[in-house]
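Input: a single structure, listed below in structure tokens.
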Amino acid sequence: IAMALAVRAIAWQWDRGLIASRATTQLAPGEEPLPYEQEVLGLIGVTRGQATAHLAEAEAGVTQAVADLAAFEAELGEVTLPTRELSAEFELTVMTQLMLMLIAAPQLWGEVRELYGVARNDRTRPGVDEYLVQALLGPQVDPHLVAEALEPAAGLRSSGLVQQTDPGADRPVRPLTVEP
């Protein structure tokens, strides 16, 4: 699911020009490209529809990943998984459980770490932050709920499940990690 959500976040950003290909930028004859023009237009909401096919494919991938997970959990039946125990013990909601898994995923799989770097449009910045979690969950999730779930007094942080690795960094790009 983390990989599917990362691919969807990348496609969403392609669609809006937040991650733009210089090769696809349309310029008039003799016109010089402006630095980060497509990204700026995407940030202010002007650019959309740049990658609709990729976005539709990514949405289908998320739907399939969720269906695969549901089938796997149904197949297991009453088997107690560590994630189920963790969710019950710390009273995690579906959203906070997913957030925990999204924050943990790059620590477990290198491929996810690489996809997160592309989704962040900065492959050199390690880890996960609040801004990336919001992008992974998608525009249909209220970013205020994500921010609230990552407050120091909220369950993920107060329990120690999620920690900040650089408390001096500004929010929402303050690095987050899971307790090993």
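Following the order of the structure tokens, first chain is A, next is B, and so on, with residues numbered from 1 inside each chain and ligands from 1 in the order they appear.
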
Sel. of strand (DSSP E or B) residues, chain A, as a PyMOL selection string | chain A and resi 128-129+162-164+175-178

Report as a tab-separated table the residues of region 41-121 of chain A within 12 Å of region 147-170 of chain A, each with its shortest atom pair and distance in Å (one decimal), using only C-alpha atoms, ordered by chain and increasing residue number.
residue	atom	partner	partner_atom	distance
A:Leu86	CA	A:Leu161	CA	9.7
A:Ser87	CA	A:Leu156	CA	10.4
A:Glu89	CA	A:Ser159	CA	10.3
A:Phe90	CA	A:Gly155	CA	7.1
A:Glu91	CA	A:Gly155	CA	7.9
A:Leu92	CA	A:Gly155	CA	7.4
A:Thr93	CA	A:Gly155	CA	9.7
A:Val94	CA	A:Ala149	CA	11.6
A:Met95	CA	A:Ala149	CA	8.8
A:Thr96	CA	A:Ala149	CA	6.9
A:Gln97	CA	A:Leu156	CA	8.9
A:Leu98	CA	A:Leu156	CA	11.2
A:Met99	CA	A:Ala149	CA	8.9
A:Leu100	CA	A:Val162	CA	7.2
A:Met101	CA	A:Val162	CA	10.3
A:Leu102	CA	A:Val162	CA	11.0
A:Ile103	CA	A:Val162	CA	8.0
A:Ala104	CA	A:Val162	CA	8.9

Could you take the residues named above and write them with C-alpha atoms, as an mmCIF file, in the first residue's frame?
data_model
loop_
_atom_site.group_PDB
_atom_site.id
_atom_site.type_symbol
_atom_site.label_atom_id
_atom_site.label_comp_id
_atom_site.auth_asym_id
_atom_site.auth_seq_id
_atom_site.Cartn_x
_atom_site.Cartn_y
_atom_site.Cartn_z
ATOM 1 C CA LEU A 86 -0.325 -2.626 18.039
ATOM 2 C CA SER A 87 -3.495 -0.921 16.834
ATOM 3 C CA GLU A 89 -2.937 -1.630 22.375
ATOM 4 C CA PHE A 90 -2.421 1.987 21.317
ATOM 5 C CA GLU A 91 -6.022 2.584 20.186
ATOM 6 C CA LEU A 92 -4.969 3.575 16.680
ATOM 7 C CA THR A 93 -7.619 4.647 14.235
ATOM 8 C CA VAL A 94 -7.526 3.342 10.675
ATOM 9 C CA MET A 95 -5.883 6.598 9.600
ATOM 10 C CA THR A 96 -3.246 6.649 12.357
ATOM 11 C CA GLN A 97 -2.445 2.983 11.723
ATOM 12 C CA LEU A 98 -1.920 3.773 8.048
ATOM 13 C CA MET A 99 0.192 6.811 8.959
ATOM 14 C CA LEU A 100 2.367 4.641 11.206
ATOM 15 C CA MET A 101 2.870 2.131 8.396
ATOM 16 C CA LEU A 102 3.679 4.913 5.900
ATOM 17 C CA ILE A 103 6.284 6.354 8.269
ATOM 18 C CA ALA A 104 7.781 2.896 8.899
#

Hey, what's within 12 Å of Glu114 (chain A) if we count only C-alpha atoms and toss same-chain stuff fewer than 2 positions away? As a list in words, please?
->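 These residues fall inside the cut-off: Ala2, Met3, Ala6, Val7, Ile10, Ala105, Pro106, Gln107, Leu108, Trp109, Gly110, Glu111, Val112, Tyr116, Gly117, Val118, Ala119, Arg120, Asn121, Asp122, Arg123, Thr124, Arg125, Pro126, Gly127 and Val128 of chain A.
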
Take the residues from that selection and write them out as a PDB file, in the first residue's frame, keeping N, CA and C atoms.
ATOM      1  N   ALA A   2       1.978   1.231   0.758  1.00  0.00           N
ATOM      2  CA  ALA A   2       2.869   2.390   0.789  1.00  0.00           C
ATOM      3  C   ALA A   2       3.397   2.698  -0.611  1.00  0.00           C
ATOM      4  N   MET A   3       3.778   1.658  -1.358  1.00  0.00           N
ATOM      5  CA  MET A   3       4.286   1.878  -2.711  1.00  0.00           C
ATOM      6  C   MET A   3       3.190   2.427  -3.615  1.00  0.00           C
ATOM      7  N   ALA A   6       2.605   6.007  -2.792  1.00  0.00           N
ATOM      8  CA  ALA A   6       3.716   6.836  -3.272  1.00  0.00           C
ATOM      9  C   ALA A   6       3.599   7.078  -4.774  1.00  0.00           C
ATOM     10  N   VAL A   7       3.254   6.032  -5.517  1.00  0.00           N
ATOM     11  CA  VAL A   7       3.080   6.179  -6.963  1.00  0.00           C
ATOM     12  C   VAL A   7       1.927   7.142  -7.248  1.00  0.00           C
ATOM     13  N   ILE A  10       3.109  10.660  -6.653  1.00  0.00           N
ATOM     14  CA  ILE A  10       3.957  11.094  -7.768  1.00  0.00           C
ATOM     15  C   ILE A  10       3.086  11.463  -8.968  1.00  0.00           C
ATOM     16  N   ALA A 105       7.490   2.410   6.533  1.00  0.00           N
ATOM     17  CA  ALA A 105       7.778   1.714   5.266  1.00  0.00           C
ATOM     18  C   ALA A 105       9.183   1.965   4.710  1.00  0.00           C
ATOM     19  N   PRO A 106       9.679   3.207   4.653  1.00  0.00           N
ATOM     20  CA  PRO A 106      11.019   3.379   4.071  1.00  0.00           C
ATOM     21  C   PRO A 106      12.138   2.819   4.936  1.00  0.00           C
ATOM     22  N   GLN A 107      11.862   2.571   6.206  1.00  0.00           N
ATOM     23  CA  GLN A 107      12.855   1.940   7.064  1.00  0.00           C
ATOM     24  C   GLN A 107      12.899   0.434   6.806  1.00  0.00           C
ATOM     25  N   LEU A 108      11.858  -0.095   6.175  1.00  0.00           N
ATOM     26  CA  LEU A 108      11.762  -1.528   5.924  1.00  0.00           C
ATOM     27  C   LEU A 108      12.099  -1.916   4.490  1.00  0.00           C
ATOM     28  N   TRP A 109      11.800  -1.030   3.524  1.00  0.00           N
ATOM     29  CA  TRP A 109      11.999  -1.346   2.114  1.00  0.00           C
ATOM     30  C   TRP A 109      12.693  -0.203   1.413  1.00  0.00           C
ATOM     31  N   GLY A 110      13.836  -0.504   0.798  1.00  0.00           N
ATOM     32  CA  GLY A 110      14.586   0.503   0.057  1.00  0.00           C
ATOM     33  C   GLY A 110      13.817   1.072  -1.118  1.00  0.00           C
ATOM     34  N   GLU A 111      12.995   0.227  -1.765  1.00  0.00           N
ATOM     35  CA  GLU A 111      12.214   0.698  -2.908  1.00  0.00           C
ATOM     36  C   GLU A 111      11.239   1.792  -2.492  1.00  0.00           C
ATOM     37  N   VAL A 112      10.645   1.626  -1.318  1.00  0.00           N
ATOM     38  CA  VAL A 112       9.707   2.633  -0.814  1.00  0.00           C
ATOM     39  C   VAL A 112      10.460   3.928  -0.525  1.00  0.00           C
ATOM     40  N   TYR A 116       9.536   7.468  -2.170  1.00  0.00           N
ATOM     41  CA  TYR A 116       9.241   8.639  -1.335  1.00  0.00           C
ATOM     42  C   TYR A 116      10.107   9.827  -1.750  1.00  0.00           C
ATOM     43  N   GLY A 117      11.363   9.567  -2.098  1.00  0.00           N
ATOM     44  CA  GLY A 117      12.243  10.646  -2.542  1.00  0.00           C
ATOM     45  C   GLY A 117      11.736  11.300  -3.815  1.00  0.00           C
ATOM     46  N   VAL A 118      11.224  10.483  -4.738  1.00  0.00           N
ATOM     47  CA  VAL A 118      10.654  11.021  -5.973  1.00  0.00           C
ATOM     48  C   VAL A 118       9.377  11.799  -5.658  1.00  0.00           C
ATOM     49  N   ALA A 119       8.525  11.235  -4.794  1.00  0.00           N
ATOM     50  CA  ALA A 119       7.269  11.910  -4.423  1.00  0.00           C
ATOM     51  C   ALA A 119       7.543  13.247  -3.749  1.00  0.00           C
ATOM     52  N   ARG A 120       8.623  13.329  -3.034  1.00  0.00           N
ATOM     53  CA  ARG A 120       9.002  14.553  -2.325  1.00  0.00           C
ATOM     54  C   ARG A 120       9.695  15.531  -3.274  1.00  0.00           C
ATOM     55  N   ASN A 121      10.083  15.028  -4.488  1.00  0.00           N
ATOM     56  CA  ASN A 121      10.828  15.804  -5.473  1.00  0.00           C
ATOM     57  C   ASN A 121      12.176  16.241  -4.903  1.00  0.00           C
ATOM     58  N   ASP A 122      12.711  15.410  -4.005  1.00  0.00           N
ATOM     59  CA  ASP A 122      14.021  15.657  -3.400  1.00  0.00           C
ATOM     60  C   ASP A 122      14.555  14.322  -2.910  1.00  0.00           C
ATOM     61  N   ARG A 123      15.266  13.625  -3.773  1.00  0.00           N
ATOM     62  CA  ARG A 123      15.760  12.290  -3.436  1.00  0.00           C
ATOM     63  C   ARG A 123      16.884  12.322  -2.418  1.00  0.00           C
ATOM     64  N   THR A 124      17.434  13.508  -2.148  1.00  0.00           N
ATOM     65  CA  THR A 124      18.538  13.597  -1.197  1.00  0.00           C
ATOM     66  C   THR A 124      18.059  13.756   0.235  1.00  0.00           C
ATOM     67  N   ARG A 125      16.820  14.204   0.429  1.00  0.00           N
ATOM     68  CA  ARG A 125      16.317  14.417   1.781  1.00  0.00           C
ATOM     69  C   ARG A 125      15.774  13.091   2.318  1.00  0.00           C
ATOM     70  N   PRO A 126      16.382  12.563   3.355  1.00  0.00           N
ATOM     71  CA  PRO A 126      15.985  11.248   3.851  1.00  0.00           C
ATOM     72  C   PRO A 126      14.702  11.295   4.669  1.00  0.00           C
ATOM     73  N   GLY A 127      14.106  10.140   4.809  1.00  0.00           N
ATOM     74  CA  GLY A 127      13.010   9.977   5.742  1.00  0.00           C
ATOM     75  C   GLY A 127      11.653  10.474   5.280  1.00  0.00           C
ATOM     76  N   VAL A 128      10.796  10.615   6.264  1.00  0.00           N
ATOM     77  CA  VAL A 128       9.400  10.977   6.060  1.00  0.00           C
ATOM     78  C   VAL A 128       9.119  12.208   6.903  1.00  0.00           C
TER      79      VAL A 128
END

Filtered DSSP result for region 32-111 of chain A, state helix (DSSP H, G or I), as a PyMOL selection string | chain A and resi 37-43+52-76+82-89+94-108+110-111

Same residues, C-alpha atoms, output as a PDB file, in the first residue's frame:
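Writing the result to part-v9.pdb gives the following:
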ATOM      1  CA  GLU A  37       7.801  27.428 -14.044  1.00  0.00           C
ATOM      2  CA  GLN A  38       5.700  24.254 -14.117  1.00  0.00           C
ATOM      3  CA  GLU A  39       6.259  23.566 -10.420  1.00  0.00           C
ATOM      4  CA  VAL A  40       5.222  27.115  -9.452  1.00  0.00           C
ATOM      5  CA  LEU A  41       2.088  26.914 -11.600  1.00  0.00           C
ATOM      6  CA  GLY A  42       1.279  23.567  -9.983  1.00  0.00           C
ATOM      7  CA  LEU A  43       1.812  24.927  -6.462  1.00  0.00           C
ATOM      8  CA  THR A  52      -4.344  12.103 -16.336  1.00  0.00           C
ATOM      9  CA  ALA A  53      -3.599   8.595 -17.625  1.00  0.00           C
ATOM     10  CA  HIS A  54      -0.821   8.112 -15.048  1.00  0.00           C
ATOM     11  CA  LEU A  55      -3.085   9.435 -12.312  1.00  0.00           C
ATOM     12  CA  ALA A  56      -5.923   7.077 -13.264  1.00  0.00           C
ATOM     13  CA  GLU A  57      -3.495   4.140 -13.374  1.00  0.00           C
ATOM     14  CA  ALA A  58      -2.076   5.087  -9.966  1.00  0.00           C
ATOM     15  CA  GLU A  59      -5.584   5.346  -8.452  1.00  0.00           C
ATOM     16  CA  ALA A  60      -6.329   1.864  -9.832  1.00  0.00           C
ATOM     17  CA  GLY A  61      -3.104   0.638  -8.228  1.00  0.00           C
ATOM     18  CA  VAL A  62      -4.165   1.994  -4.834  1.00  0.00           C
ATOM     19  CA  THR A  63      -7.591   0.383  -5.186  1.00  0.00           C
ATOM     20  CA  GLN A  64      -5.949  -2.945  -6.080  1.00  0.00           C
ATOM     21  CA  ALA A  65      -3.471  -2.743  -3.180  1.00  0.00           C
ATOM     22  CA  VAL A  66      -6.301  -2.075  -0.716  1.00  0.00           C
ATOM     23  CA  ALA A  67      -8.317  -4.977  -2.155  1.00  0.00           C
ATOM     24  CA  ASP A  68      -5.282  -7.281  -1.949  1.00  0.00           C
ATOM     25  CA  LEU A  69      -4.730  -6.317   1.674  1.00  0.00           C
ATOM     26  CA  ALA A  70      -8.393  -6.908   2.540  1.00  0.00           C
ATOM     27  CA  ALA A  71      -8.273 -10.341   0.871  1.00  0.00           C
ATOM     28  CA  PHE A  72      -5.077 -11.211   2.733  1.00  0.00           C
ATOM     29  CA  GLU A  73      -6.580 -10.161   6.084  1.00  0.00           C
ATOM     30  CA  ALA A  74      -9.778 -12.127   5.348  1.00  0.00           C
ATOM     31  CA  GLU A  75      -7.686 -15.182   4.501  1.00  0.00           C
ATOM     32  CA  LEU A  76      -5.890 -14.903   7.830  1.00  0.00           C
ATOM     33  CA  PRO A  82       1.476  -7.602  15.196  1.00  0.00           C
ATOM     34  CA  THR A  83      -0.167  -4.642  13.455  1.00  0.00           C
ATOM     35  CA  ARG A  84      -3.552  -5.637  14.874  1.00  0.00           C
ATOM     36  CA  GLU A  85      -2.069  -5.978  18.363  1.00  0.00           C
ATOM     37  CA  LEU A  86      -0.325  -2.626  18.039  1.00  0.00           C
ATOM     38  CA  SER A  87      -3.495  -0.921  16.834  1.00  0.00           C
ATOM     39  CA  ALA A  88      -5.528  -2.360  19.687  1.00  0.00           C
ATOM     40  CA  GLU A  89      -2.937  -1.630  22.375  1.00  0.00           C
ATOM     41  CA  VAL A  94      -7.526   3.342  10.675  1.00  0.00           C
ATOM     42  CA  MET A  95      -5.883   6.598   9.600  1.00  0.00           C
ATOM     43  CA  THR A  96      -3.246   6.649  12.357  1.00  0.00           C
ATOM     44  CA  GLN A  97      -2.445   2.983  11.723  1.00  0.00           C
ATOM     45  CA  LEU A  98      -1.920   3.773   8.048  1.00  0.00           C
ATOM     46  CA  MET A  99       0.192   6.811   8.959  1.00  0.00           C
ATOM     47  CA  LEU A 100       2.367   4.641  11.206  1.00  0.00           C
ATOM     48  CA  MET A 101       2.870   2.131   8.396  1.00  0.00           C
ATOM     49  CA  LEU A 102       3.679   4.913   5.900  1.00  0.00           C
ATOM     50  CA  ILE A 103       6.284   6.354   8.269  1.00  0.00           C
ATOM     51  CA  ALA A 104       7.781   2.896   8.899  1.00  0.00           C
ATOM     52  CA  ALA A 105       7.778   1.714   5.266  1.00  0.00           C
ATOM     53  CA  PRO A 106      11.019   3.379   4.071  1.00  0.00           C
ATOM     54  CA  GLN A 107      12.855   1.940   7.064  1.00  0.00           C
ATOM     55  CA  LEU A 108      11.762  -1.528   5.924  1.00  0.00           C
ATOM     56  CA  GLY A 110      14.586   0.503   0.057  1.00  0.00           C
ATOM     57  CA  GLU A 111      12.214   0.698  -2.908  1.00  0.00           C
TER      58      GLU A 111
END

Nearby residues (only C-alpha atoms) at most 7 Å from Pro172 (chain A), same-chain spacing under 4 positions excluded, as a PyMOL selection string = chain A and resi 129-131

With N, CA, C and O atoms retained, export the selected residues as an mmCIF file, in the first residue's frame.
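Saved file out.cif follows:
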data_model
loop_
_atom_site.group_PDB
_atom_site.id
_atom_site.type_symbol
_atom_site.label_atom_id
_atom_site.label_comp_id
_atom_site.auth_asym_id
_atom_site.auth_seq_id
_atom_site.Cartn_x
_atom_site.Cartn_y
_atom_site.Cartn_z
ATOM 1 N N ASP A 129 8.262 13.069 6.417
ATOM 2 C CA ASP A 129 7.828 14.214 7.201
ATOM 3 C C ASP A 129 6.314 14.363 7.044
ATOM 4 O O ASP A 129 5.684 13.628 6.282
ATOM 5 N N GLU A 130 5.750 15.296 7.789
ATOM 6 C CA GLU A 130 4.304 15.500 7.779
ATOM 7 C C GLU A 130 3.801 15.847 6.378
ATOM 8 O O GLU A 130 2.754 15.362 5.942
ATOM 9 N N TYR A 131 4.534 16.674 5.667
ATOM 10 C CA TYR A 131 4.141 17.081 4.325
ATOM 11 C C TYR A 131 4.049 15.867 3.397
ATOM 12 O O TYR A 131 3.103 15.739 2.614
#

What gap, in Å, lies between CA of Trp14 (chain A) and CA of Leu132 (chain A)?
->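 CA of Trp14 (chain A) sits 15.2 Å away from CA of Leu132 (chain A).
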